[in-house]
file model_17.cif (mmCIF, C-alpha atoms)
data_protein
loop_
_atom_site.label_atom_id
_atom_site.label_comp_id
_atom_site.auth_asym_id
_atom_site.auth_seq_id
_atom_site.Cartn_x
_atom_site.Cartn_y
_atom_site.Cartn_z
CA MET A 1 0.00 0.00 0.00
CA SER A 2 1.36 3.42 -0.92
CA GLU A 3 1.65 6.31 1.50
CA SER A 4 -1.12 8.12 -0.37
CA ASP A 5 -3.42 5.12 0.11
CA LYS A 6 -2.72 5.19 3.84
CA THR A 7 -4.01 8.75 4.10
CA ARG A 8 -7.23 8.16 2.19
CA PRO A 9 -10.53 7.30 3.86
CA PRO A 10 -11.01 3.52 3.98
CA ARG A 11 -13.10 3.18 0.84
CA ARG A 12 -10.80 0.69 -0.90
CA GLY A 13 -12.63 -2.16 0.74
CA VAL A 14 -12.25 -5.37 2.60
CA ARG A 15 -11.67 -8.52 0.60
CA GLY A 16 -13.73 -10.70 2.91
CA ALA A 17 -16.80 -8.51 2.39
CA ALA A 18 -17.57 -9.93 -1.03
CA ARG A 19 -17.14 -13.50 0.09
CA SER A 20 -19.68 -12.99 2.86
CA ALA A 21 -22.10 -11.19 0.59
CA VAL A 22 -22.18 -13.93 -2.05
CA SER A 23 -22.31 -16.94 0.27
CA PRO A 24 -25.60 -18.81 -0.32
CA GLY A 25 -27.60 -19.33 2.81
CA SER A 26 -25.97 -16.40 4.58
CA SER A 27 -28.33 -14.07 6.42
CA GLN A 28 -25.85 -11.20 6.17
CA GLY A 29 -27.12 -9.99 2.80
CA ALA A 30 -30.80 -9.34 3.29
CA VAL A 31 -31.45 -6.97 6.18
CA GLU A 32 -34.69 -6.45 8.01
CA ALA A 33 -36.17 -2.96 7.88
CA GLY A 34 -35.41 -0.82 10.90
CA ASP A 35 -32.15 -2.47 11.90
CA GLY A 36 -30.09 0.55 10.88
CA PHE A 37 -28.27 -1.17 8.04
CA LEU A 38 -28.50 -0.13 4.40
CA THR A 39 -28.49 -3.30 2.30
CA GLY A 40 -30.46 -2.68 -0.88
CA ARG A 41 -30.08 1.11 -0.75
CA MET A 42 -27.91 3.39 -2.87
CA LEU A 43 -24.87 5.36 -1.79
CA VAL A 44 -24.57 8.67 -3.62
CA ALA A 45 -21.11 10.24 -3.56
CA MET A 46 -20.96 13.84 -2.41
CA PRO A 47 -19.10 16.28 -4.69
CA GLY A 48 -15.47 16.70 -3.74
CA ILE A 49 -15.23 13.21 -2.30
CA GLY A 50 -11.46 13.42 -2.72
CA ASP A 51 -10.99 10.13 -4.55
CA PRO A 52 -11.40 10.06 -8.35
CA ARG A 53 -12.43 6.42 -8.21
CA PHE A 54 -15.63 7.49 -6.45
CA GLU A 55 -16.34 10.89 -8.00
CA ARG A 56 -20.09 11.04 -8.80
CA ALA A 57 -20.31 7.34 -7.96
CA LEU A 58 -23.62 5.60 -7.37
CA ILE A 59 -23.16 2.39 -5.40
CA PHE A 60 -25.78 -0.27 -4.78
CA LEU A 61 -25.19 -1.86 -1.38
CA CYS A 62 -25.32 -5.64 -1.69
CA ALA A 63 -24.51 -6.26 1.97
CA HIS A 64 -24.27 -4.17 5.13
CA ASN A 65 -24.08 -5.42 8.69
CA ALA A 66 -22.08 -4.85 11.86
CA GLU A 67 -19.02 -6.52 10.37
CA HIS A 68 -18.71 -5.07 6.88
CA ALA A 69 -20.38 -3.48 3.89
CA MET A 70 -20.05 -4.39 0.22
CA GLY A 71 -21.45 -2.67 -2.86
CA LEU A 72 -21.22 -2.32 -6.63
CA ALA A 73 -20.97 0.93 -8.56
CA VAL A 74 -23.74 0.97 -11.16
CA ASN A 75 -22.68 4.02 -13.19
CA ARG A 76 -19.04 3.25 -14.06
CA PRO A 77 -18.93 1.59 -17.51
CA VAL A 78 -15.67 0.15 -18.76
CA GLN A 79 -15.38 1.65 -22.22
CA GLY A 80 -14.69 -0.92 -24.91
CA LEU A 81 -15.61 -3.91 -22.75
CA SER A 82 -19.06 -5.36 -23.44
CA LEU A 83 -20.96 -8.28 -22.01
CA ALA A 84 -20.94 -9.94 -25.42
CA GLY A 85 -17.16 -9.56 -25.51
CA VAL A 86 -16.78 -11.15 -22.10
CA LEU A 87 -18.92 -14.12 -23.11
CA LYS A 88 -16.77 -14.56 -26.21
CA ARG A 89 -13.55 -14.43 -24.19
CA LEU A 90 -14.91 -17.03 -21.78
CA LYS A 91 -16.03 -19.18 -24.73
CA ILE A 92 -19.63 -19.15 -23.52
CA LYS A 93 -21.83 -19.87 -26.53
CA SER A 94 -24.97 -17.81 -26.89
CA SER A 95 -28.27 -19.01 -28.32
CA ILE A 96 -29.57 -15.43 -28.54
CA THR A 97 -28.29 -12.06 -29.64
CA VAL A 98 -26.75 -10.79 -26.41
CA PRO A 99 -27.39 -7.08 -25.80
CA ASP A 100 -24.27 -5.01 -26.28
CA ASP A 101 -24.29 -3.83 -22.66
CA LEU A 102 -21.08 -2.41 -21.27
CA VAL A 103 -19.39 -4.12 -18.35
CA LEU A 104 -19.23 -1.91 -15.25
CA MET A 105 -16.35 -1.21 -12.87
CA GLY A 106 -17.98 -2.25 -9.62
CA GLY A 107 -15.18 -0.99 -7.40
CA PRO A 108 -11.44 -1.00 -6.77
CA VAL A 109 -11.22 -4.30 -4.86
CA GLU A 110 -10.61 -7.60 -6.70
CA ARG A 111 -11.12 -6.01 -10.10
CA ASP A 112 -10.43 -9.30 -11.87
CA ARG A 113 -13.52 -10.84 -10.26
CA GLY A 114 -16.98 -10.58 -11.80
CA PHE A 115 -20.30 -10.03 -10.04
CA VAL A 116 -23.69 -10.22 -11.72
CA LEU A 117 -26.52 -8.25 -10.19
CA HIS A 118 -29.84 -9.42 -11.60
CA THR A 119 -33.57 -9.68 -11.17
CA ASP A 120 -34.59 -12.68 -9.12
CA ASP A 121 -36.41 -14.48 -11.92
CA TYR A 122 -33.05 -16.24 -12.25
CA VAL A 123 -31.69 -17.99 -9.18
CA SER A 124 -28.83 -20.45 -8.81
CA PRO A 125 -29.54 -22.48 -5.66
CA SER A 126 -25.84 -22.99 -5.09
CA SER A 127 -24.54 -19.46 -5.64
CA SER A 128 -27.22 -16.76 -5.83
CA VAL A 129 -27.86 -14.54 -2.83
CA ALA A 130 -31.03 -12.50 -2.37
CA VAL A 131 -30.08 -8.88 -1.72
CA MET A 132 -33.59 -7.42 -1.52
CA PRO A 133 -37.01 -8.36 -2.89
CA GLY A 134 -36.61 -8.69 -6.66
CA ILE A 135 -32.81 -8.39 -6.77
CA SER A 136 -30.15 -11.08 -6.38
CA LEU A 137 -26.37 -11.31 -6.68
CA THR A 138 -24.46 -14.17 -8.30
CA ALA A 139 -20.69 -14.43 -8.72
CA THR A 140 -20.25 -17.71 -10.61
CA PRO A 141 -19.96 -18.36 -14.38
CA GLU A 142 -23.28 -20.20 -14.55
CA VAL A 143 -25.18 -16.93 -14.41
CA LEU A 144 -23.35 -15.79 -17.55
CA GLU A 145 -24.37 -19.02 -19.23
CA ALA A 146 -27.96 -18.26 -18.26
CA ILE A 147 -27.72 -14.72 -19.65
CA ALA A 148 -26.49 -16.18 -22.96
CA GLY A 149 -29.49 -18.51 -23.29
CA HIS A 150 -33.23 -18.43 -23.94
CA ASN A 151 -34.75 -20.23 -21.04
CA ARG A 152 -33.09 -19.19 -17.78
CA ARG A 153 -31.81 -15.67 -18.38
CA PRO A 154 -32.83 -12.97 -15.89
CA ARG A 155 -35.06 -10.22 -17.20
CA ARG A 156 -32.49 -7.55 -16.27
CA SER A 157 -28.86 -7.87 -15.23
CA LEU A 158 -25.49 -6.16 -15.12
CA LEU A 159 -21.95 -7.49 -14.94
CA ALA A 160 -19.50 -5.61 -12.72
CA LEU A 161 -15.79 -6.15 -12.18
CA GLY A 162 -14.58 -5.63 -8.63
CA TYR A 163 -16.44 -4.14 -5.71
CA ALA A 164 -16.31 -1.46 -3.04
CA GLY A 165 -16.04 -2.68 0.54
CA TRP A 166 -15.83 -1.31 4.05
CA ASP A 167 -14.72 -2.83 7.34
CA ALA A 168 -16.77 -2.65 10.53
CA GLY A 169 -17.97 0.90 11.20
CA GLN A 170 -16.14 2.47 8.26
CA LEU A 171 -19.17 3.15 6.10
CA GLU A 172 -21.12 4.54 9.04
CA THR A 173 -18.24 6.94 9.76
CA GLU A 174 -18.08 8.10 6.14
CA ILE A 175 -21.83 8.75 6.08
CA GLN A 176 -21.56 10.76 9.31
CA GLN A 177 -18.77 12.78 7.67
CA ASN A 178 -21.09 13.56 4.73
CA THR A 179 -19.02 11.57 2.28
CA TRP A 180 -22.16 9.78 1.08
CA LEU A 181 -25.85 10.47 0.81
CA THR A 182 -28.27 7.55 0.61
CA CYS A 183 -31.45 6.95 -1.33
CA GLU A 184 -33.88 4.15 -2.05
CA SER A 185 -32.91 1.93 -4.95
CA ASP A 186 -35.18 0.89 -7.77
CA GLU A 187 -34.81 -1.40 -10.73
CA SER A 188 -34.35 1.36 -13.29
CA LEU A 189 -31.71 3.14 -11.23
CA ILE A 190 -29.78 -0.11 -10.89
CA PHE A 191 -30.03 -1.45 -14.43
CA ASP A 192 -30.64 1.49 -16.81
CA ASP A 193 -27.72 2.35 -19.07
CA ASP A 194 -27.90 6.17 -18.85
CA TYR A 195 -24.73 6.08 -16.80
CA ASP A 196 -24.00 9.81 -17.06
CA GLN A 197 -27.40 10.70 -15.58
CA LYS A 198 -27.74 8.14 -12.80
CA TRP A 199 -25.97 10.20 -10.14
CA GLU A 200 -28.28 13.17 -10.72
CA ARG A 201 -31.31 10.87 -10.87
CA ALA A 202 -30.39 9.43 -7.48
CA LEU A 203 -30.06 12.91 -5.99
CA ALA A 204 -33.44 13.85 -7.43
CA LYS A 205 -35.03 10.94 -5.56
CA ILE A 206 -34.15 12.68 -2.29
CA GLY A 207 -35.06 16.14 -3.53
CA VAL A 208 -31.52 17.41 -4.12
CA ARG A 209 -30.46 19.36 -7.21
CA ALA A 210 -26.99 18.38 -8.38
CA SER A 211 -26.10 21.95 -9.37
CA ARG A 212 -26.98 23.26 -5.92
CA LEU A 213 -25.09 20.48 -4.17
CA SER A 214 -21.97 21.06 -6.29
CA SER A 215 -21.95 24.80 -5.59
CA LEU A 216 -22.28 24.23 -1.86
CA ALA A 217 -19.43 21.69 -1.91
CA GLY A 218 -17.29 24.17 -3.83
CA ARG A 219 -17.66 26.72 -1.02
CA ALA A 220 -17.04 24.22 1.78
#

call {"tool": "encode", "arguments": {"input": "model_17.cif", "output": "structure tokens"}}
result
Amino acid sequence: MSESDKTRPPRRGVRGAARSAVSPGSSQGAVEAGDGFLTGRMLVAMPGIGDPRFERALIFLCAHNAEHAMGLAVNRPVQGLSLAGVLKRLKIKSSITVPDDLVLMGGPVERDRGFVLHTDDYVSPSSSVAVMPGISLTATPEVLEAIAGHNRRPRRSLLALGYAGWDAGQLETEIQQNTWLTCESDESLIFDDDYDQKWERALAKIGVRASRLSSLAGRA
């Protein structure tokens, strides 16, 4: 770790967070309402966050509990890398015309690892984890095989490389420091491909104008 990394807020993540979040049968993913945790909600980066990897980031929280938090950025496309291209590289044959969706950069941790966030009309009993009603997370190749086929493919999905993770108490501290705002998630905000507009759309859900927020941050 470089000296500059040591001075940054702990947003780089915790490697164990993803393993817990995608473990079938774990109760750490889905969180009951009113427990103070934010699984299934969106983190909206405040302007001037101080880390270009998270500037205007919109992160869907796949897991949040007393031990860790783990999420995927849903507005960071990897230019030139499409889902169809990934399937071709992995030699996964498709029986349909796969949409030319861009792969997303889910976060800075384990960027060589893929995570598929998808509607829960597809479920792998051995590897899918329910995040919230209607949304599941799968991190095994079989979900890509399902996406490439007619019969089992989820209605909506995204493929992200890497994730953002936090150790115990780190996310709570960052929220208290106004590093992040939070908003309710919805299917369109997660899966739509208007990546440049998603951050502003998320702010609008909580009644915040992006232009006003940016001007206030500039005077802080």

call {"tool": "residues_around", "arguments": {"input": "model_17.cif", "residues": "region 191-204 of chain A", "least_positions_apart": "6", "cutoff": "10 Å", "atoms": "only C-alpha atoms", "output": "number ranges by chain"}}
result
A: 42-46, 55-59, 74-77, 101-102, 104, 117-119, 156-158, 181-185, 210-211, 213

call {"tool": "resolve_selection", "arguments": {"input": "model_17.cif", "expression": "the PyMOL selection byres ((chain A and resi 172) around 12)", "output": "list in words"}}
result
Pro10, Arg11, Gly36, Phe37, Leu38, Leu43, His64, Asn65, Ala66, Glu67, His68, Ala69, Trp166, Asp167, Ala168, Gly169, Gln170, Leu171, Thr173, Glu174, Ile175, Gln176, Gln177, Asn178, Thr179, Trp180, Leu181 and Thr182 of chain A

call {"tool": "atom_distance", "arguments": {"input": "model_17.cif", "atom1": "CA of Met132 (chain A)", "atom2": "CA of Cys62 (chain A)"}}
result
8.5 Å

call {"tool": "atom_distance", "arguments": {"input": "model_17.cif", "atom1": "CA of Arg155 (chain A)", "atom2": "CA of Gly85 (chain A)"}}
result
19.7 Å

call {"tool": "atom_distance", "arguments": {"input": "model_17.cif", "atom1": "CA of Leu72 (chain A)", "atom2": "CA of Tyr122 (chain A)"}}
result
19.1 Å

call {"tool": "closest_residue", "arguments": {"input": "model_17.cif", "among": "A:Leu159, A:Pro125, A:Asp186, A:Ala146", "to": "Asp100 (chain A)", "atoms": "all atoms listed in the file"}}
result
A:Leu159

call {"tool": "closest_residue", "arguments": {"input": "model_17.cif", "among": "A:Asp112, A:Lys205, A:Arg212, A:Leu144", "to": "Lys93 (chain A)", "atoms": "only C-alpha atoms"}}
result
A:Leu144

call {"tool": "closest_residue", "arguments": {"input": "model_17.cif", "among": "A:Phe60, A:Tyr163, A:Phe115, A:Phe54", "to": "Ile190 (chain A)", "atoms": "only C-alpha atoms"}}
result
A:Phe60

call {"tool": "build_atoms", "arguments": {"input": "model_17.cif", "residues": "region 95-120 of chain A", "atoms": "N, CA and C atoms", "output": "compact mmCIF listing (two decimals), in the frame of the given file"}}
result
# COMPACT_ATOMS: atom_id res chain seq x y z
N SER A 95 -27.19 -18.59 -27.43
CA SER A 95 -28.27 -19.01 -28.32
C SER A 95 -29.18 -17.85 -28.69
N ILE A 96 -28.81 -16.64 -28.23
CA ILE A 96 -29.57 -15.43 -28.54
C ILE A 96 -28.59 -14.34 -28.94
N THR A 97 -29.13 -13.23 -29.41
CA THR A 97 -28.29 -12.06 -29.64
C THR A 97 -28.15 -11.32 -28.31
N VAL A 98 -26.97 -11.39 -27.73
CA VAL A 98 -26.75 -10.79 -26.41
C VAL A 98 -26.70 -9.26 -26.55
N PRO A 99 -27.46 -8.55 -25.75
CA PRO A 99 -27.39 -7.08 -25.80
C PRO A 99 -25.96 -6.59 -25.62
N ASP A 100 -25.63 -5.53 -26.31
CA ASP A 100 -24.27 -5.01 -26.28
C ASP A 100 -24.05 -4.12 -25.06
N ASP A 101 -24.45 -4.60 -23.89
CA ASP A 101 -24.29 -3.83 -22.66
C ASP A 101 -22.82 -3.73 -22.28
N LEU A 102 -22.44 -2.58 -21.75
CA LEU A 102 -21.08 -2.41 -21.27
C LEU A 102 -20.92 -3.07 -19.90
N VAL A 103 -19.75 -3.61 -19.67
CA VAL A 103 -19.39 -4.12 -18.35
C VAL A 103 -19.10 -2.92 -17.45
N LEU A 104 -19.45 -3.01 -16.18
CA LEU A 104 -19.23 -1.91 -15.25
C LEU A 104 -18.03 -2.18 -14.36
N MET A 105 -17.39 -1.10 -13.89
CA MET A 105 -16.35 -1.21 -12.87
C MET A 105 -17.04 -1.09 -11.53
N GLY A 106 -17.22 -2.23 -10.86
CA GLY A 106 -17.98 -2.25 -9.62
C GLY A 106 -17.28 -1.60 -8.45
N GLY A 107 -15.95 -1.57 -8.49
CA GLY A 107 -15.18 -0.99 -7.40
C GLY A 107 -13.72 -1.37 -7.52
N PRO A 108 -12.88 -0.82 -6.64
CA PRO A 108 -11.44 -1.00 -6.77
C PRO A 108 -10.89 -2.29 -6.17
N VAL A 109 -11.71 -3.09 -5.51
CA VAL A 109 -11.22 -4.30 -4.86
C VAL A 109 -11.49 -5.51 -5.75
N GLU A 110 -10.49 -6.37 -5.91
CA GLU A 110 -10.61 -7.60 -6.70
C GLU A 110 -11.22 -7.32 -8.07
N ARG A 111 -10.57 -6.45 -8.82
CA ARG A 111 -11.12 -6.01 -10.10
C ARG A 111 -11.07 -7.09 -11.18
N ASP A 112 -10.42 -8.19 -10.92
CA ASP A 112 -10.43 -9.30 -11.87
C ASP A 112 -11.57 -10.28 -11.59
N ARG A 113 -12.42 -9.96 -10.63
CA ARG A 113 -13.52 -10.84 -10.26
C ARG A 113 -14.84 -10.23 -10.71
N GLY A 114 -15.72 -11.07 -11.27
CA GLY A 114 -16.98 -10.58 -11.80
C GLY A 114 -18.15 -10.85 -10.87
N PHE A 115 -19.07 -9.91 -10.82
CA PHE A 115 -20.30 -10.03 -10.04
C PHE A 115 -21.48 -9.69 -10.94
N VAL A 116 -22.50 -10.51 -10.93
CA VAL A 116 -23.69 -10.22 -11.72
C VAL A 116 -24.84 -9.89 -10.77
N LEU A 117 -25.34 -8.68 -10.91
CA LEU A 117 -26.52 -8.25 -10.19
C LEU A 117 -27.70 -8.44 -11.13
N HIS A 118 -28.77 -9.05 -10.67
CA HIS A 118 -29.84 -9.42 -11.60
C HIS A 118 -31.19 -9.50 -10.90
N THR A 119 -32.24 -9.46 -11.71
CA THR A 119 -33.57 -9.68 -11.17
C THR A 119 -33.69 -11.13 -10.72
N ASP A 120 -34.58 -11.36 -9.75
CA ASP A 120 -34.59 -12.68 -9.12
C ASP A 120 -35.46 -13.71 -9.84
